[in-house]
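This is coords.tsv. It holds TSV, C-alpha atoms.
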chain	number	residue	atom	x	y	z
A	295	VAL	CA	147.23	111.74	138.37
A	296	THR	CA	149.22	114.56	136.77
A	297	PHE	CA	147.61	117.13	134.46
A	298	ASN	CA	149.88	119.04	132.12
A	299	PRO	CA	149.21	122.74	131.53
A	300	GLY	CA	146.16	123.07	129.28
A	301	ASP	CA	144.81	119.57	129.99
A	302	VAL	CA	141.13	119.37	130.92
A	303	THR	CA	140.75	115.57	130.83
A	304	ARG	CA	143.07	112.69	131.58
A	305	PRO	CA	142.60	108.91	131.16
A	306	ILE	CA	143.04	106.88	134.34
A	307	PRO	CA	144.05	103.21	133.97
A	308	VAL	CA	142.10	100.84	136.22
A	309	SER	CA	143.23	97.28	136.87
A	310	ILE	CA	140.51	94.61	136.89
A	311	LEU	CA	140.88	91.19	138.48
A	312	ALA	CA	139.38	88.77	135.97
A	313	ASP	CA	137.38	85.71	136.94
A	314	ALA	CA	135.52	82.93	135.18
A	315	ALA	CA	132.06	83.89	136.45
A	316	THR	CA	129.36	85.15	134.10
A	317	GLU	CA	128.12	88.43	135.52
A	318	LEU	CA	126.02	91.46	134.64
A	319	PRO	CA	127.83	94.73	133.80
A	320	GLN	CA	129.21	96.43	136.93
A	321	THR	CA	129.96	100.10	137.53
A	322	PHE	CA	132.73	101.70	139.57
A	323	SER	CA	133.64	105.28	140.49
A	324	VAL	CA	136.94	107.15	140.53
A	325	VAL	CA	137.09	110.17	142.85
A	326	LEU	CA	139.78	112.88	142.67
A	327	PHE	CA	140.49	114.99	145.76
A	328	THR	CA	143.03	117.33	147.34
A	329	PRO	CA	144.38	118.87	144.11
A	330	THR	CA	147.69	120.75	144.10
A	331	ASN	CA	147.85	124.05	142.19
A	332	ALA	CA	144.56	123.25	140.48
A	333	THR	CA	140.80	123.11	140.94
A	334	ILE	CA	138.52	120.18	140.11
A	335	SER	CA	135.15	121.03	138.59
A	336	ASP	CA	133.91	117.42	138.38
A	337	PRO	CA	135.79	115.10	140.74
A	338	VAL	CA	133.78	111.92	140.13
A	339	ALA	CA	133.98	109.66	137.07
A	340	THR	CA	131.98	106.46	136.53
A	341	GLY	CA	133.15	103.47	134.52
A	342	THR	CA	131.46	100.24	133.48
A	343	ILE	CA	133.00	96.77	133.57
A	344	LEU	CA	131.50	94.61	130.82
A	345	ASP	CA	131.49	90.88	131.26
A	346	LYS	CA	132.98	88.93	128.38
A	347	ALA	CA	129.52	87.61	127.61
A	348	ALA	CA	127.71	90.98	127.82
A	349	PRO	CA	126.29	92.19	124.49
A	350	ARG	CA	128.00	94.90	122.45
A	351	ILE	CA	126.78	96.86	119.43
A	352	THR	CA	129.45	97.99	117.00
A	353	SER	CA	127.29	99.18	114.10
A	354	PHE	CA	123.96	98.89	112.31
A	355	THR	CA	122.71	99.44	108.78
A	356	PRO	CA	120.94	101.34	107.38
A	357	GLY	CA	121.31	104.33	109.64
A	358	ALA	CA	117.78	105.51	108.91
A	359	GLY	CA	114.52	103.93	107.80
A	360	VAL	CA	110.74	104.05	107.88
A	361	THR	CA	108.45	102.09	110.18
A	362	GLY	CA	108.38	98.43	109.16
A	363	SER	CA	111.79	98.44	107.46
A	364	PHE	CA	114.52	96.02	108.51
A	365	VAL	CA	117.73	97.00	110.30
A	366	ASP	CA	120.81	94.77	110.55
A	367	ILE	CA	122.60	95.13	113.89
A	368	PHE	CA	126.19	93.97	114.29
A	369	GLY	CA	128.22	93.41	117.44
A	370	ALA	CA	129.09	90.59	119.82
A	371	ASN	CA	127.50	88.23	122.32
A	372	PHE	CA	124.01	88.34	120.85
A	373	ASN	CA	123.03	85.22	122.77
A	374	ASP	CA	119.66	84.83	124.50
A	375	VAL	CA	118.42	88.16	123.15
A	376	LEU	CA	115.26	89.29	124.91
A	377	ARG	CA	114.37	92.40	122.91
A	378	VAL	CA	115.60	95.32	120.82
A	379	ARG	CA	114.52	98.87	121.53
A	380	PHE	CA	114.14	101.76	119.07
A	381	GLY	CA	113.63	104.91	121.14
A	382	SER	CA	111.13	103.79	123.77
A	383	VAL	CA	109.47	101.04	121.71
A	384	PHE	CA	110.50	97.39	121.90
A	385	THR	CA	110.53	94.79	119.14
A	386	LEU	CA	111.52	91.13	118.89
A	387	PRO	CA	114.56	90.61	116.65
A	388	THR	CA	115.54	87.72	114.40
A	389	PRO	CA	118.90	86.25	115.49
A	390	ILE	CA	121.23	85.63	112.54
A	391	SER	CA	124.35	84.75	114.54
A	392	GLU	CA	126.16	85.67	117.76
A	393	THR	CA	127.30	88.86	116.03
A	394	HIS	CA	124.31	89.71	113.84
A	395	LEU	CA	120.67	90.53	114.56
A	396	GLN	CA	117.91	91.72	112.26
A	397	ALA	CA	115.07	93.82	113.62
A	398	ARG	CA	112.06	95.56	112.10
A	399	VAL	CA	111.53	99.24	112.99
A	400	PRO	CA	108.44	99.10	115.25
A	401	LEU	CA	105.36	101.29	115.13
A	402	GLY	CA	105.96	104.35	117.28
A	403	ALA	CA	109.76	104.21	117.07
A	404	THR	CA	111.57	107.52	117.51
A	405	ASP	CA	115.05	108.78	116.76
A	406	GLY	CA	117.69	107.55	119.17
A	407	PRO	CA	120.19	104.80	119.92
A	408	ILE	CA	119.28	101.15	119.38
A	409	VAL	CA	119.40	99.07	122.55
A	410	VAL	CA	119.87	95.27	122.53
A	411	THR	CA	118.97	93.45	125.75
A	412	THR	CA	120.05	89.90	126.57
A	413	THR	CA	119.87	87.87	129.76
A	414	LEU	CA	123.32	89.27	130.66
A	415	GLY	CA	122.71	92.96	130.15
A	416	SER	CA	122.02	95.64	127.57
A	417	ALA	CA	124.10	97.26	124.85
A	418	THR	CA	123.51	100.70	123.33
A	419	SER	CA	124.53	101.63	119.80
A	420	PRO	CA	127.24	104.29	119.52
A	421	THR	CA	125.13	106.32	117.07
A	422	PRO	CA	121.39	107.06	116.86
A	423	PHE	CA	118.95	105.48	114.42
A	424	VAL	CA	116.82	108.01	112.52
A	425	VAL	CA	113.16	107.25	111.81
A	426	LEU	CA	112.16	108.57	108.39
A	427	PRO	CA	108.67	109.92	107.59
A	428	LEU	CA	106.18	107.70	105.78
A	429	ILE	CA	102.83	108.61	104.22
A	430	ALA	CA	100.53	105.58	104.31
A	431	GLY	CA	97.56	107.36	102.76
A	432	PHE	CA	95.21	110.32	102.86
A	433	THR	CA	91.49	111.03	102.68
A	434	PRO	CA	89.62	112.27	100.78
A	435	ALA	CA	91.42	111.60	97.49
A	436	SER	CA	90.31	114.91	96.02
A	437	GLY	CA	89.04	118.32	97.10
A	438	SER	CA	88.88	122.01	96.29
A	439	ASN	CA	90.88	124.84	97.82
A	440	GLY	CA	90.12	125.19	101.53
A	441	SER	CA	88.76	121.66	102.02
A	442	PHE	CA	90.15	119.55	104.86
A	443	VAL	CA	92.42	116.54	104.29
A	444	LEU	CA	93.58	113.87	106.75
A	445	ILE	CA	97.05	112.41	106.09
A	446	VAL	CA	97.95	109.15	107.87
A	447	GLY	CA	101.47	107.80	108.36
A	448	THR	CA	104.42	107.37	110.73
A	449	GLY	CA	107.64	109.12	111.69
A	450	ARG	CA	106.12	112.57	111.21
A	451	SER	CA	105.55	113.84	114.75
A	452	GLY	CA	108.28	116.44	114.12
A	453	ALA	CA	106.88	117.54	110.75
A	454	THR	CA	107.93	121.03	109.64
A	455	ASN	CA	106.13	121.39	106.31
A	456	VAL	CA	103.20	119.94	104.34
A	457	ARG	CA	102.80	120.61	100.63
A	458	PHE	CA	100.14	119.97	97.99
A	459	GLY	CA	101.73	119.96	94.57
A	460	GLY	CA	104.61	122.03	95.94
A	461	VAL	CA	102.43	124.58	97.77
A	462	SER	CA	102.80	124.76	101.55
A	463	THR	CA	99.81	124.72	103.87
A	464	PRO	CA	99.22	124.99	107.65
A	465	PHE	CA	98.72	121.72	109.52
A	466	GLN	CA	98.41	120.03	112.90
A	467	VAL	CA	99.86	116.66	113.94
A	468	PHE	CA	98.18	114.21	116.31
A	469	THR	CA	99.80	110.90	117.32
A	470	SER	CA	97.94	107.87	118.66
A	471	LEU	CA	99.34	104.36	119.19
A	472	GLY	CA	102.40	105.21	117.12
A	473	ILE	CA	100.41	106.47	114.13
A	474	ASP	CA	100.66	110.13	113.07
A	475	PHE	CA	97.56	111.93	111.85
A	476	ILE	CA	98.04	115.24	110.06
A	477	VAL	CA	95.01	117.49	109.64
A	478	THR	CA	95.43	120.13	106.98
A	479	MET	CA	93.58	121.86	104.15
A	480	VAL	CA	94.10	122.29	100.43
A	481	PRO	CA	95.96	125.60	99.97
A	482	ALA	CA	95.17	128.24	97.39
A	483	GLY	CA	97.21	127.67	94.26
A	484	ALA	CA	97.59	123.91	94.85
A	485	THR	CA	97.66	121.69	91.79
A	486	THR	CA	97.02	117.99	91.35
A	487	GLY	CA	100.02	115.97	92.51
A	488	PRO	CA	101.55	114.10	95.44
A	489	ILE	CA	101.23	115.34	99.00
A	490	SER	CA	104.58	115.73	100.74
A	491	VAL	CA	105.48	115.91	104.43
A	492	THR	CA	108.87	117.20	105.55
A	493	THR	CA	110.61	116.45	108.85
A	494	PRO	CA	114.14	117.38	109.98
A	495	ALA	CA	115.25	113.95	108.69
A	496	ALA	CA	113.68	113.78	105.22
A	497	THR	CA	110.68	114.45	102.99
A	498	ALA	CA	108.04	111.78	102.32
A	499	SER	CA	105.70	111.90	99.34
A	500	SER	CA	102.39	110.12	98.86
A	501	ALA	CA	102.31	107.20	96.44
A	502	THR	CA	99.24	108.63	94.69
A	503	ASN	CA	98.22	112.10	93.58
A	504	PHE	CA	95.77	114.30	95.40
A	505	VAL	CA	93.33	115.67	92.84
A	506	VAL	CA	92.55	119.36	93.20
A	507	LEU	CA	89.00	120.09	92.12
A	508	PRO	CA	87.93	123.39	90.58

What would the structure in this file look like if it were written as structure tokens?
Amino acid sequence: VTFNPGDVTRPIPVSILADAATELPQTFSVVLFTPTNATISDPVATGTILDKAAPRITSFTPGAGVTGSFVDIFGANFNDVLRVRFGSVFTLPTPISETHLQARVPLGATDGPIVVTTTLGSATSPTPFVVLPLIAGFTPASGSNGSFVLIVGTGRSGATNVRFGGVSTPFQVFTSLGIDFIVTMVPAGATTGPISVTTPAATASSATNFVVLP
């Protein structure tokens, strides 16, 4: 392998002897040694040989969604699918065809690649799926300044801001069984209106107004 001046990476062609057997993905290593007029900072590279029948993910849509929403996954060799994983949480998909799956974002899903597993291996999406925040409800429905409020929803473990009628307030987030519980209080200056929760991905607003009492 010859590196030209200024090169830091170089593709290495590897010949593969094809066969008719159905096999799981296999890995191989390429090791560089005894360089001439150069130093090697990372001499080992690992490649993966995918069987013709191994699954592949080429894309999915939408790229972000709330818990319970549907995601269409496109690729190849979606035969005998065992499960689909969002973050660390598994869900059972609905097969549409060999190149199309539909899966619902499961409770407790987190940002990260989507992984499709079949009897012949697993495929990881080239881009991450983003879980958007969702406010399912809050209690009580009304309160005065300084009173405590519990906000229930999903996708909000990384919340950065909570607002009552546009006024920010301190909060704490607790997560149990994939459900996020936010404990907060009505801030001074709050007015009747939706409660909003902001994460790095988006802002979710409650479907109903919180009523600020005098």

Minimum-distance residue to Arg398 of chain A, chosen among A:Leu444, A:Ala370, A:Ile489, A:Ala358 (using only C-alpha atoms):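 Looking only at the distances to Arg398 of chain A, the closest residue turns out to be A:Ala358.
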
Using only C-alpha atoms, which of the listed residues (A:Thr404, A:Asn298, A:Thr492, A:Ser441) sits closest to Leu428 of chain A? A:Thr492

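A straight line drawn from atom CA of Gly357 of chain A to atom CA of Pro488 of chain A is 26.2 Å long.
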
Shell of 10 Å around Thr296 of chain A, all atoms listed in the file, local chain residues under 5 positions omitted, as a list in words: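 My list of contacting residues is Asp301, Arg304, Pro329 and Thr330 of chain A.
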
So what do you get for atom CA of Pro356 of chain A versus atom CA of Val446 of chain A, distance-wise?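 That distance, rounded to one decimal, is 24.3 Å.
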
Contact residues around segment 388-392 of chain A with all atoms listed in the file at 10 Å, ignoring same-chain residues under 5 positions, as a list in words: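 After dropping sequence-adjacent residues, the list is Pro349, Asp366, Ile367, Phe368, Gly369, Ala370, Asn371, Phe372, Asn373, Asp374, Val375, Arg377, Val378, Ala397 and Arg398 of chain A.
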